[in-house]
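Reproduced below: run.txt, with compact mmCIF, C-alpha atoms and all ligand atoms.
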# COMPACT_ATOMS: atom_id res chain seq x y z
CA MET M 10 -3.46 77.21 23.12
CA SER M 11 -4.09 73.93 21.26
CA ALA M 12 -1.65 71.06 21.70
CA ALA M 13 -0.47 71.55 18.08
CA ALA M 14 0.13 75.24 18.68
CA ALA M 15 1.97 74.37 21.91
CA ALA M 16 4.24 71.94 20.08
CA THR M 17 4.98 74.52 17.41
CA ALA M 18 5.67 77.18 20.04
CA VAL M 19 8.07 74.89 21.90
CA THR M 20 10.27 74.50 18.85
CA ALA M 21 9.40 77.32 16.50
CA SER M 22 12.77 79.00 16.91
CA SER M 23 14.80 75.80 16.56
CA ALA M 24 16.37 74.24 13.51
CA PRO M 25 14.64 71.20 11.99
CA VAL M 26 15.43 67.77 13.41
CA PRO M 27 15.84 65.39 10.46
CA LEU M 28 14.74 61.78 10.72
CA PHE M 29 18.11 60.90 9.23
CA ASP M 30 20.96 63.01 7.87
CA PRO M 31 23.82 60.92 6.45
CA ARG M 32 26.08 63.99 6.18
CA ARG M 33 26.56 63.96 9.94
CA LEU M 34 27.78 60.37 9.84
CA LEU M 35 29.98 60.80 6.81
CA ALA M 36 31.67 64.10 7.72
CA PRO M 37 34.36 62.59 10.02
CA HIS M 38 35.25 60.08 7.30
CA GLU M 39 35.38 62.47 4.37
CA ASP M 40 39.14 62.30 3.82
CA ALA M 41 39.21 58.51 3.96
CA LEU M 42 36.21 58.33 1.62
CA ARG M 43 37.97 60.62 -0.87
CA ASP M 44 41.09 58.42 -0.67
CA ALA M 45 38.99 55.34 -1.38
CA PHE M 46 37.36 57.09 -4.33
CA ALA M 47 40.78 58.13 -5.68
CA ARG M 48 42.03 54.56 -5.36
CA VAL M 49 39.09 53.15 -7.34
CA LEU M 50 39.55 55.86 -9.97
CA ARG M 51 43.24 55.05 -10.22
CA ASP M 52 42.80 51.28 -10.42
CA ALA M 53 39.80 51.53 -12.77
CA VAL M 54 38.21 48.23 -11.77
CA PHE M 55 34.67 49.40 -11.24
CA VAL M 56 32.59 46.24 -10.87
CA LEU M 57 33.53 43.42 -8.43
CA GLY M 58 37.33 42.94 -8.30
CA PRO M 59 39.80 43.37 -5.41
CA GLU M 60 37.87 46.16 -3.65
CA VAL M 61 34.78 43.96 -3.42
CA THR M 62 36.80 40.94 -2.28
CA ALA M 63 38.54 42.99 0.43
CA PHE M 64 35.25 44.37 1.68
CA GLU M 65 33.63 40.93 1.65
CA GLN M 66 36.44 39.61 3.82
CA ALA M 67 36.23 42.47 6.31
CA LEU M 68 32.45 42.14 6.41
CA ALA M 69 32.56 38.37 7.01
CA THR M 70 35.04 38.88 9.86
CA SER M 71 32.91 41.57 11.48
CA LEU M 72 29.84 39.31 11.27
CA GLY M 73 31.63 36.18 12.52
CA ALA M 74 30.69 34.46 9.23
CA ARG M 75 32.81 32.16 7.07
CA ARG M 76 31.90 34.13 3.98
CA ALA M 77 30.07 37.19 2.70
CA VAL M 78 29.16 37.81 -0.95
CA GLY M 79 28.59 41.41 -2.02
CA VAL M 80 25.57 42.04 -4.23
CA SER M 81 23.78 45.01 -5.73
CA SER M 82 21.12 45.58 -3.04
CA GLY M 83 19.31 44.05 -0.09
CA SER M 84 16.53 43.05 -2.47
CA ASP M 85 18.97 41.17 -4.71
CA ALA M 86 20.56 39.59 -1.65
CA LEU M 87 17.16 38.06 -0.82
CA LEU M 88 16.35 37.16 -4.42
CA SER M 89 19.70 35.49 -5.09
CA THR M 90 19.49 33.58 -1.79
CA PHE M 91 16.04 32.19 -2.58
CA MET M 92 17.20 31.35 -6.12
CA ALA M 93 20.32 29.63 -4.76
CA LEU M 94 18.29 27.47 -2.38
CA ARG M 95 16.67 25.69 -5.37
CA LEU M 96 13.46 24.89 -3.54
CA PRO M 97 10.63 23.27 -5.50
CA ALA M 98 8.61 25.77 -7.56
CA GLY M 99 5.62 27.06 -5.61
CA ALA M 100 6.99 25.95 -2.23
CA GLU M 101 5.79 28.17 0.60
CA ILE M 102 7.93 30.40 2.77
CA LEU M 103 6.42 31.73 6.00
CA CYS M 104 7.02 35.43 6.40
CA THR M 105 5.79 38.50 8.25
CA PRO M 106 3.30 40.75 6.48
CA PHE M 107 4.76 43.74 8.28
CA THR M 108 8.02 44.56 6.52
CA PHE M 109 9.35 46.21 3.38
CA ILE M 110 7.94 44.72 0.18
CA ALA M 111 11.31 43.25 -0.87
CA SER M 112 11.10 40.62 1.89
CA ALA M 113 8.05 39.00 0.30
CA SER M 114 8.48 40.01 -3.34
CA SER M 115 11.86 38.28 -3.50
CA ILE M 116 10.16 35.02 -2.46
CA LEU M 117 7.63 35.38 -5.29
CA ARG M 118 10.25 36.46 -7.81
CA ALA M 119 12.20 33.28 -7.03
CA GLY M 120 9.14 31.19 -7.97
CA LEU M 121 8.10 30.52 -4.37
CA ARG M 122 5.06 31.65 -2.40
CA PRO M 123 5.11 33.87 0.68
CA VAL M 124 2.59 32.85 3.36
CA PHE M 125 1.97 35.64 5.82
CA VAL M 126 1.96 34.99 9.57
CA ASP M 127 0.34 37.65 11.75
CA LEU M 128 2.13 39.63 14.45
CA PRO M 129 1.29 39.21 18.13
CA THR M 130 -0.96 41.90 19.66
CA GLU M 131 2.15 43.69 20.89
CA GLY M 132 5.49 43.75 19.15
CA PHE M 133 6.52 43.77 15.53
CA LEU M 134 7.71 40.21 14.86
CA PRO M 135 5.59 37.05 14.51
CA SER M 136 6.35 34.63 17.36
CA ALA M 137 7.99 31.23 16.88
CA GLU M 138 4.67 29.68 18.03
CA ALA M 139 2.79 31.54 15.28
CA PHE M 140 5.26 30.27 12.67
CA ALA M 141 4.88 26.72 14.05
CA ASP M 142 1.07 26.97 13.87
CA ALA M 143 1.26 28.21 10.27
CA TRP M 144 3.54 25.40 9.06
CA GLY M 145 1.69 23.40 6.39
CA SER M 146 2.36 20.56 3.97
CA ARG M 147 3.86 22.88 1.31
CA THR M 148 5.96 24.94 3.73
CA ALA M 149 9.64 24.88 2.81
CA GLY M 150 10.95 27.34 5.38
CA ILE M 151 10.83 30.70 7.12
CA LEU M 152 12.07 34.15 6.25
CA ALA M 153 12.77 35.85 9.60
CA VAL M 154 12.89 39.64 9.29
CA HIS M 155 14.75 41.51 12.01
CA LEU M 156 12.47 44.49 11.65
CA TYR M 157 13.67 47.90 12.84
CA GLY M 158 16.89 46.18 13.99
CA GLU M 159 15.16 43.99 16.59
CA PRO M 160 16.55 40.46 16.65
CA ALA M 161 13.82 37.91 15.88
CA PRO M 162 13.78 34.75 18.05
CA CYS M 163 16.18 32.81 15.86
CA GLU M 164 16.94 29.80 18.06
CA PRO M 165 13.31 28.64 18.24
CA LEU M 166 12.90 29.40 14.53
CA SER M 167 15.96 27.42 13.54
CA ALA M 168 14.86 24.57 15.85
CA LEU M 169 11.46 24.57 14.14
CA CYS M 170 13.08 24.48 10.70
CA ARG M 171 15.39 21.65 11.80
CA ILE M 172 12.50 19.56 13.08
CA LYS M 173 10.38 20.19 9.99
CA GLY M 174 13.24 19.91 7.48
CA GLY M 175 12.81 23.49 6.27
CA VAL M 176 15.22 26.37 5.64
CA LEU M 177 15.63 29.52 7.70
CA VAL M 178 16.73 32.70 5.90
CA GLU M 179 17.26 35.92 7.85
CA ASP M 180 16.50 39.32 6.35
CA CYS M 181 18.96 41.51 8.26
CA ALA M 182 18.52 44.56 5.99
CA GLN M 183 17.55 46.72 8.98
CA ALA M 184 19.62 44.88 11.56
CA MET M 185 23.32 45.14 10.77
CA GLY M 186 25.03 45.18 14.17
CA ALA M 187 22.17 43.40 15.97
CA ARG M 188 22.94 40.34 18.08
CA ASP M 189 20.84 37.27 18.77
CA ALA M 190 20.23 35.73 22.21
CA ALA M 191 23.49 33.77 21.90
CA GLY M 192 25.45 36.98 21.24
CA ARG M 193 26.11 36.17 17.57
CA SER M 194 25.38 38.54 14.74
CA VAL M 195 21.84 38.12 13.48
CA GLY M 196 21.87 36.18 10.23
CA MET M 197 24.06 33.40 11.60
CA CYS M 198 21.26 31.17 12.84
CA GLY M 199 19.87 29.96 9.53
CA ARG M 200 21.20 29.01 6.09
CA ALA M 201 22.02 32.64 5.20
CA GLY M 202 21.60 36.23 6.30
CA THR M 203 21.00 39.11 3.90
CA LEU M 204 22.00 42.76 4.28
CA SER M 205 21.13 46.04 2.62
CA PHE M 206 23.58 48.95 2.41
CA PHE M 207 20.93 51.45 1.35
CA PRO M 208 22.14 54.77 2.82
CA ALA M 209 19.61 54.84 5.68
CA LYS M 210 20.56 51.39 6.94
CA ASN M 211 22.87 50.89 9.94
CA LEU M 212 25.80 50.57 7.56
CA GLY M 213 24.91 52.67 4.54
CA ALA M 214 26.75 53.00 1.24
CA LEU M 215 26.76 56.13 -0.92
CA GLY M 216 24.32 54.35 -3.17
CA ASP M 217 22.86 50.85 -3.30
CA GLY M 218 24.49 47.66 -2.14
CA GLY M 219 23.83 44.45 -0.28
CA ALA M 220 25.37 41.17 0.84
CA VAL M 221 24.57 37.55 1.61
CA PHE M 222 26.55 35.96 4.42
CA GLY M 223 26.82 32.88 6.60
CA ASP M 224 28.71 29.63 7.05
CA ASP M 225 27.16 27.63 4.20
CA LEU M 226 29.95 27.93 1.64
CA GLU M 227 28.12 25.94 -1.02
CA LEU M 228 25.08 28.20 -0.87
CA LEU M 229 27.28 31.31 -0.93
CA ALA M 230 29.19 29.99 -3.94
CA ALA M 231 25.84 29.57 -5.69
CA VAL M 232 24.94 33.19 -4.83
CA GLU M 233 28.32 34.25 -6.21
CA ARG M 234 27.54 32.54 -9.52
CA LEU M 235 23.98 33.90 -9.61
CA ARG M 236 25.17 37.48 -9.19
CA GLN M 237 26.86 37.07 -12.60
CA HIS M 238 24.02 35.44 -14.52
CA GLY M 239 24.87 31.97 -13.22
CA ARG M 240 28.43 32.19 -14.51
CA ALA M 241 30.61 29.17 -13.72
CA GLY M 242 33.42 29.98 -16.21
CA ARG M 243 34.36 32.56 -18.84
CA ASP M 244 31.45 31.70 -21.16
CA VAL M 245 29.85 29.00 -19.08
CA PHE M 246 26.49 29.81 -17.52
CA THR M 247 25.09 26.86 -15.61
CA THR M 248 21.91 28.38 -14.16
CA LEU M 249 19.77 31.43 -14.83
CA GLY M 250 20.88 34.30 -12.63
CA GLY M 251 20.94 38.06 -12.92
CA ASN M 252 23.18 41.08 -12.71
CA PHE M 253 23.41 41.32 -8.92
CA ARG M 254 26.99 42.66 -8.79
CA LEU M 255 28.33 45.09 -6.20
CA ASP M 256 30.27 48.09 -7.51
CA ALA M 257 33.90 48.42 -6.49
CA LEU M 258 33.32 52.04 -5.49
CA GLN M 259 30.56 51.15 -3.03
CA ALA M 260 32.68 48.31 -1.63
CA ALA M 261 35.65 50.66 -1.12
CA LEU M 262 33.46 53.28 0.59
CA LEU M 263 31.77 50.67 2.76
CA GLY M 264 35.20 49.39 3.74
CA VAL M 265 35.99 52.86 5.12
CA LEU M 266 32.72 53.03 7.09
CA LEU M 267 32.59 49.45 8.43
CA PRO M 268 34.96 50.13 11.39
CA ALA M 269 32.62 52.93 12.55
CA LEU M 270 29.68 50.55 12.88
CA PRO M 271 30.20 49.54 16.57
CA ASP M 272 30.22 53.21 17.63
CA TRP M 273 27.16 53.93 15.49
CA ILE M 274 25.26 51.00 17.01
CA ALA M 275 26.26 52.12 20.52
CA ALA M 276 24.91 55.61 19.73
CA ARG M 277 21.64 54.16 18.45
CA GLN M 278 21.36 52.09 21.64
CA ARG M 279 22.04 55.18 23.80
CA ASN M 280 19.38 57.13 21.94
CA ALA M 281 16.89 54.28 22.37
CA ALA M 282 17.62 54.10 26.10
CA ALA M 283 17.13 57.85 26.43
CA TYR M 284 13.76 57.72 24.61
CA LEU M 285 12.61 54.73 26.65
CA GLU M 286 13.44 56.45 29.92
CA ALA M 287 11.92 59.81 28.99
CA LEU M 288 8.75 58.41 27.43
CA ARG M 289 8.11 55.63 29.99
CA PRO M 290 5.51 57.74 31.90
CA LEU M 291 3.39 57.93 28.73
CA HIS M 292 3.55 54.18 28.10
CA ASP M 293 0.04 52.75 28.20
CA ALA M 294 -1.99 51.09 25.47
CA GLU M 295 -4.44 54.00 25.25
CA ARG M 296 -1.76 56.56 24.54
CA LEU M 297 1.66 55.26 23.60
CA THR M 298 3.24 51.82 23.35
CA LEU M 299 7.01 51.89 23.44
CA PRO M 300 9.12 49.34 21.54
CA ALA M 301 10.52 46.38 23.48
CA ALA M 302 14.15 46.82 24.52
CA THR M 303 15.08 43.37 23.22
CA PRO M 304 18.72 42.55 24.06
CA GLY M 305 20.96 42.92 21.02
CA HIS M 306 18.59 45.42 19.32
CA ALA M 307 20.42 47.55 16.73
CA TRP M 308 17.69 50.23 16.57
CA ASN M 309 17.60 51.08 12.88
CA GLN M 310 14.25 52.58 13.79
CA PHE M 311 12.72 53.65 17.10
CA THR M 312 9.08 52.88 16.42
CA VAL M 313 6.30 53.75 18.83
CA ARG M 314 2.62 52.89 18.52
CA THR M 315 -0.25 55.19 19.28
CA PRO M 316 -3.91 55.30 18.25
CA ARG M 317 -3.24 59.02 17.77
CA ARG M 318 -0.47 58.37 15.26
CA ASP M 319 -1.54 60.77 12.51
CA ALA M 320 -2.04 63.67 14.94
CA LEU M 321 1.36 62.99 16.51
CA ALA M 322 3.04 62.88 13.09
CA GLN M 323 1.43 66.21 12.19
CA MET M 324 2.58 67.84 15.41
CA LEU M 325 6.12 66.60 14.93
CA ALA M 326 6.10 67.93 11.37
CA ALA M 327 4.74 71.29 12.61
CA ALA M 328 7.67 71.42 15.02
CA GLY M 329 10.16 70.66 12.23
CA ILE M 330 10.83 67.12 13.42
CA GLY M 331 11.11 64.27 10.93
CA SER M 332 9.20 61.04 11.48
CA ALA M 333 8.09 58.22 9.20
CA ILE M 334 5.60 55.40 9.00
CA TYR M 335 7.09 51.99 8.31
CA TYR M 336 4.66 50.67 6.98
CA THR M 337 1.28 52.12 6.07
CA VAL M 338 0.20 49.05 4.05
CA PRO M 339 0.77 45.52 5.38
CA LEU M 340 2.00 43.31 2.58
CA HIS M 341 -1.13 41.15 2.30
CA ARG M 342 -2.87 44.37 1.17
CA SER M 343 -0.25 45.22 -1.43
CA PRO M 344 -1.59 45.00 -5.02
CA ALA M 345 1.84 43.84 -6.21
CA LEU M 346 1.59 40.78 -3.96
CA ALA M 347 -2.00 39.88 -4.80
CA GLU M 348 -0.92 36.28 -5.41
CA ALA M 349 -0.04 35.99 -1.74
CA ARG M 350 -3.42 36.74 -0.19
CA PRO M 351 -3.66 35.24 3.31
CA PRO M 352 -6.33 32.62 4.05
CA ALA M 353 -7.54 34.67 7.02
CA ALA M 354 -7.43 38.25 8.24
CA LEU M 355 -4.22 39.53 9.80
CA PRO M 356 -5.69 42.01 12.29
CA ASN M 357 -2.54 42.68 14.27
CA ALA M 358 -0.53 43.64 11.19
CA GLU M 359 -3.39 45.91 10.14
CA ARG M 360 -3.46 47.58 13.54
CA ALA M 361 0.32 48.02 13.54
CA ALA M 362 0.11 49.71 10.12
CA ALA M 363 -2.46 52.14 11.53
CA GLU M 364 -0.51 52.95 14.70
CA VAL M 365 3.26 52.93 14.10
CA LEU M 366 5.49 55.96 13.90
CA SER M 367 9.28 56.01 13.79
CA LEU M 368 11.16 58.83 15.52
CA PRO M 369 14.69 60.09 14.75
CA ILE M 370 17.28 57.75 16.30
CA TYR M 371 20.28 57.75 13.96
CA PRO M 372 23.77 58.17 15.50
CA GLY M 373 24.05 61.82 14.34
CA LEU M 374 21.06 62.86 16.47
CA ARG M 375 22.20 65.29 19.18
CA ALA M 376 20.99 65.11 22.79
CA ASP M 377 19.24 68.50 22.53
CA GLU M 378 17.42 67.30 19.41
CA LEU M 379 16.33 64.10 21.12
CA ALA M 380 15.05 66.20 24.05
CA ARG M 381 13.00 68.29 21.60
CA VAL M 382 11.45 65.17 20.09
CA VAL M 383 10.54 63.96 23.58
CA GLU M 384 9.06 67.32 24.45
CA VAL M 385 6.79 67.35 21.40
CA VAL M 386 5.68 63.73 21.97
CA GLN M 387 4.90 64.57 25.61
CA THR M 388 2.94 67.66 24.63
CA ALA M 389 1.07 65.84 21.90
CA LEU M 390 0.01 62.93 24.09
CA ALA M 391 -0.30 64.73 27.42
CA CYS M 392 -4.09 64.86 27.44
C1 LIG U 401 13.46 44.53 5.71
C2 LIG U 401 14.04 44.91 4.38
N1 LIG U 401 14.34 43.93 3.51
C3 LIG U 401 14.88 44.21 2.31
C4 LIG U 401 15.14 45.51 1.93
C5 LIG U 401 15.68 45.77 0.55
O1 LIG U 401 16.92 46.39 0.58
P1 LIG U 401 17.39 47.31 -0.67
O2 LIG U 401 16.64 48.60 -0.58
O3 LIG U 401 18.85 47.47 -0.44
O4 LIG U 401 17.08 46.57 -1.89
C6 LIG U 401 14.85 46.55 2.80
C7 LIG U 401 15.11 47.96 2.42
O5 LIG U 401 14.48 48.87 2.89
C8 LIG U 401 14.29 46.25 4.06
O6 LIG U 401 13.98 47.21 4.93

Would you put the structure from the file into structure tokens?
Amino acid sequence: MSAAAAATAVTASSAPVPLFDPRRLLAPHEDALRDAFARVLRDAVFVLGPEVTAFEQALATSLGARRAVGVSSGSDALLSTFMALRLPAGAEILCTPFTFIASASSILRAGLRPVFVDLPTEGFLPSAEAFADAWGSRTAGILAVHLYGEPAPCEPLSALCRIKGGVLVEDCAQAMGARDAAGRSVGMCGRAGTLSFFPAKNLGALGDGGAVFGDDLELLAAVERLRQHGRAGRDVFTTLGGNFRLDALQAALLGVLLPALPDWIAARQRNAAAYLEALRPLHDAERLTLPAATPGHAWNQFTVRTPRRDALAQMLAAAGIGSAIYYTVPLHRSPALAEARPPAALPNAERAAAEVLSLPIYPGLRADELARVVEVVQTALAC
């Protein structure tokens, strides 16, 4: 029997294992979510307003931040932050090429220029040394992306920015609940952290949403104005902004789900530990590279690397198991970002794009399902 047939046989009689199924996370909160919906319907304040303010306060407290400003998405959180920083037009922001397009496109959309810094040979985040080497005369700062929920090395990055007089912004879209080496929430090391509440994120809304947070009250007040077209008074618009507002309904629903976050992160961490233990025997560069168990990791994704990635993805699919590739195209290859071509090749980002595969890890994943995933990965990579 071929390995693919073996994998199918192992699981043919079992139900599919989704990569992510929000219904399992939401089910225990259904009554409270309905109450929140009824409250918003009753009060009929649908955009910003008291629900958004209450959620912002709860969010800031949970992050250990002085303030959080709710916005319409993680993309708009990044865009409004870069707009609020008022850096000189064309200034360069160092950034990973291996992330979702919004990380880099928001830099360009704010009139700045992303400069891509390659990954190390192992791991998914450029090192502080690589950022230091890439710092040039037009560099105005760094966008650190806590990819897959793994905390980037923020202390060295913020030290670098301090020495060079640059800004550090943290894209925490995938890392809500992650902690840095000092035990703080990620996002608290630089000028601002940004979050996405897209449903598949660690704290997901029932639609789109995002936030900017931190201790820099002036910057956050600027983001607050920008989210309403630069509004500083009833009919007073002092800068160009956009419509980056968070809906009251999403804020109310997120307020119900926020207290569940610590349990959800703990479940993600348990699932990661179980994968790491079960798959350790397969860990070698020829077959399978497991993700680093960086302390404070919030495991939005459990992403392995293998030169046999496409075959493994096919076998998982044949066994009814969801998986995904984040990301098939590194950003320096993206046509939309053609303005941000790197001066040199970025071979490690290219190799990561060819080898990564994310396995189901969300808090609703059951132990028997995780065991099935392990079984198929073992079968697929056994020989
Ligand atoms: C790293 C990263 N940054 C930014 C975003 C943008 O967030 P949103 O989809 O809420 O706009 C995402 C969303 O996938 C992301 O993964």

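Distances here use all atoms listed in the file; by that measure, the residue among M:Phe222, M:Tyr335, M:Trp144, M:Phe311 closest to M:Gly73 is M:Phe222.
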
Taking only C-alpha atoms and all ligand atoms into account, which residues have an atom no farther than 8 Å from ligand LIG 401 (chain U)? I'd like them as a PyMOL selection string. chain M and resi 81-87+108-112+154-157+180-183+204-207+210+217-219

Selected residue, from M:Ala77, M:Ala190, M:Ala261, M:Ala320, that lies nearest to M:Ala45 when counting only C-alpha atoms: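 For M:Ala45, the nearest of the given residues is M:Ala261.
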
For M:Leu262, work out the shell of residues within 10 Å, counting all atoms listed in the file and skipping chain neighbours fewer than 5 positions away, then give it as a ChimeraX atom specification. /M:38,41-46,49,60,64,213-216,257,267

Neighbouring residues of M:Thr130 were defined as those with any atom within 9 Å, considering only C-alpha atoms; residues of the same chain fewer than 2 positions away were excluded. Please report them as a list in words. Leu128, Gly132, Phe133, Pro356, Asn357, Ala358, Arg360 and Ala361 of chain M

With all atoms of stretch 214-221 of chain M from the file as input, state the centre and edge lengths in Å to one decimal of the axis-aligned box that has 3 Å extra on each side, as AutoDock Vina command-line options.
--center_x 24.8 --center_y 46.8 --center_z -0.8 --size_x 9.9 --size_y 24.6 --size_z 10.9

Restricting the calculation to all atoms listed in the file: of M:Leu270, M:Val178, M:Met92, M:Leu134, which residue gets closest to M:Ala161?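 Closest residue, counting all atoms listed in the file: M:Leu134.
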
Spatial neighbours of M:Val365, 8 Å, only C-alpha atoms, chain gap at least 3 places, as a PDB file with C-alpha atoms, in the frame of the given file:
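Saved the output as around.pdb:
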ATOM      1  CA  THR M 312       9.080  52.880  16.420  1.00  0.00           C
ATOM      2  CA  VAL M 313       6.300  53.750  18.830  1.00  0.00           C
ATOM      3  CA  ARG M 314       2.620  52.890  18.520  1.00  0.00           C
ATOM      4  CA  THR M 315      -0.250  55.190  19.280  1.00  0.00           C
ATOM      5  CA  ARG M 318      -0.470  58.370  15.260  1.00  0.00           C
ATOM      6  CA  ILE M 334       5.600  55.400   9.000  1.00  0.00           C
ATOM      7  CA  TYR M 335       7.090  51.990   8.310  1.00  0.00           C
ATOM      8  CA  TYR M 336       4.660  50.670   6.980  1.00  0.00           C
ATOM      9  CA  ALA M 361       0.320  48.020  13.540  1.00  0.00           C
ATOM     10  CA  ALA M 362       0.110  49.710  10.120  1.00  0.00           C
TER      11      ALA M 362
END

Within 12 Å of M:Pro290, counting all atoms listed in the file, which residues qualify if same-chain residues fewer than 6 places away don't, as an NGL selection string? :M and (284 or 296-299 or 383 or 386-387 or 390-391)

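Using only C-alpha atoms, the smallest distance between any of M:Gly175, M:Gly202, M:Pro160, M:Pro352 and M:Thr303 comes from M:Pro160.
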
In terms of all atoms listed in the file, the residue from M:Ala24, M:Lys173, M:Gly79, M:Leu121 at minimal distance from M:Ala328 is M:Ala24

Looking at M:Val221, M:Leu152, M:Val26, M:Val56, which one is nearest to M:Ile370, with distances taken over all atoms listed in the file?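 Distance minimum relative to M:Ile370 lands on M:Val26.
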
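The space separating atom CA of M:Pro339 from atom CA of M:Ala187 comes to 24.0 Å.
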
Within 9 Å of (24.7, 43.1, -10.5) (file coordinates; all atoms listed in the file), which protein or nucleic acid residues are there? I'd like them as a PyMOL selection string. chain M and resi 56+80-82+85+236-238+251-256

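The gap separating atom CA of M:Pro372 from atom CA of M:Ala294 is 28.5 Å, in Å to one decimal.
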
Residues within 9 Å of M:Ala230, all atoms listed in the file, excluding chain neighbours under 5 positions, as JSON, numbers by chain: {"M": [78, 93, 225, 235]}

Please report the interatomic distance between atom CA of M:Ala191 and atom CA of M:Gly373 in Å with one decimal.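 Atom CA of M:Ala191 sits 29.1 Å away from atom CA of M:Gly373.
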
Point (22.6, 30.0, -10.0) neighbourhood (7 Å, all atoms listed in the file) written as a PyMOL selection string: chain M and resi 92-93+231-232+234-235+239+247-250
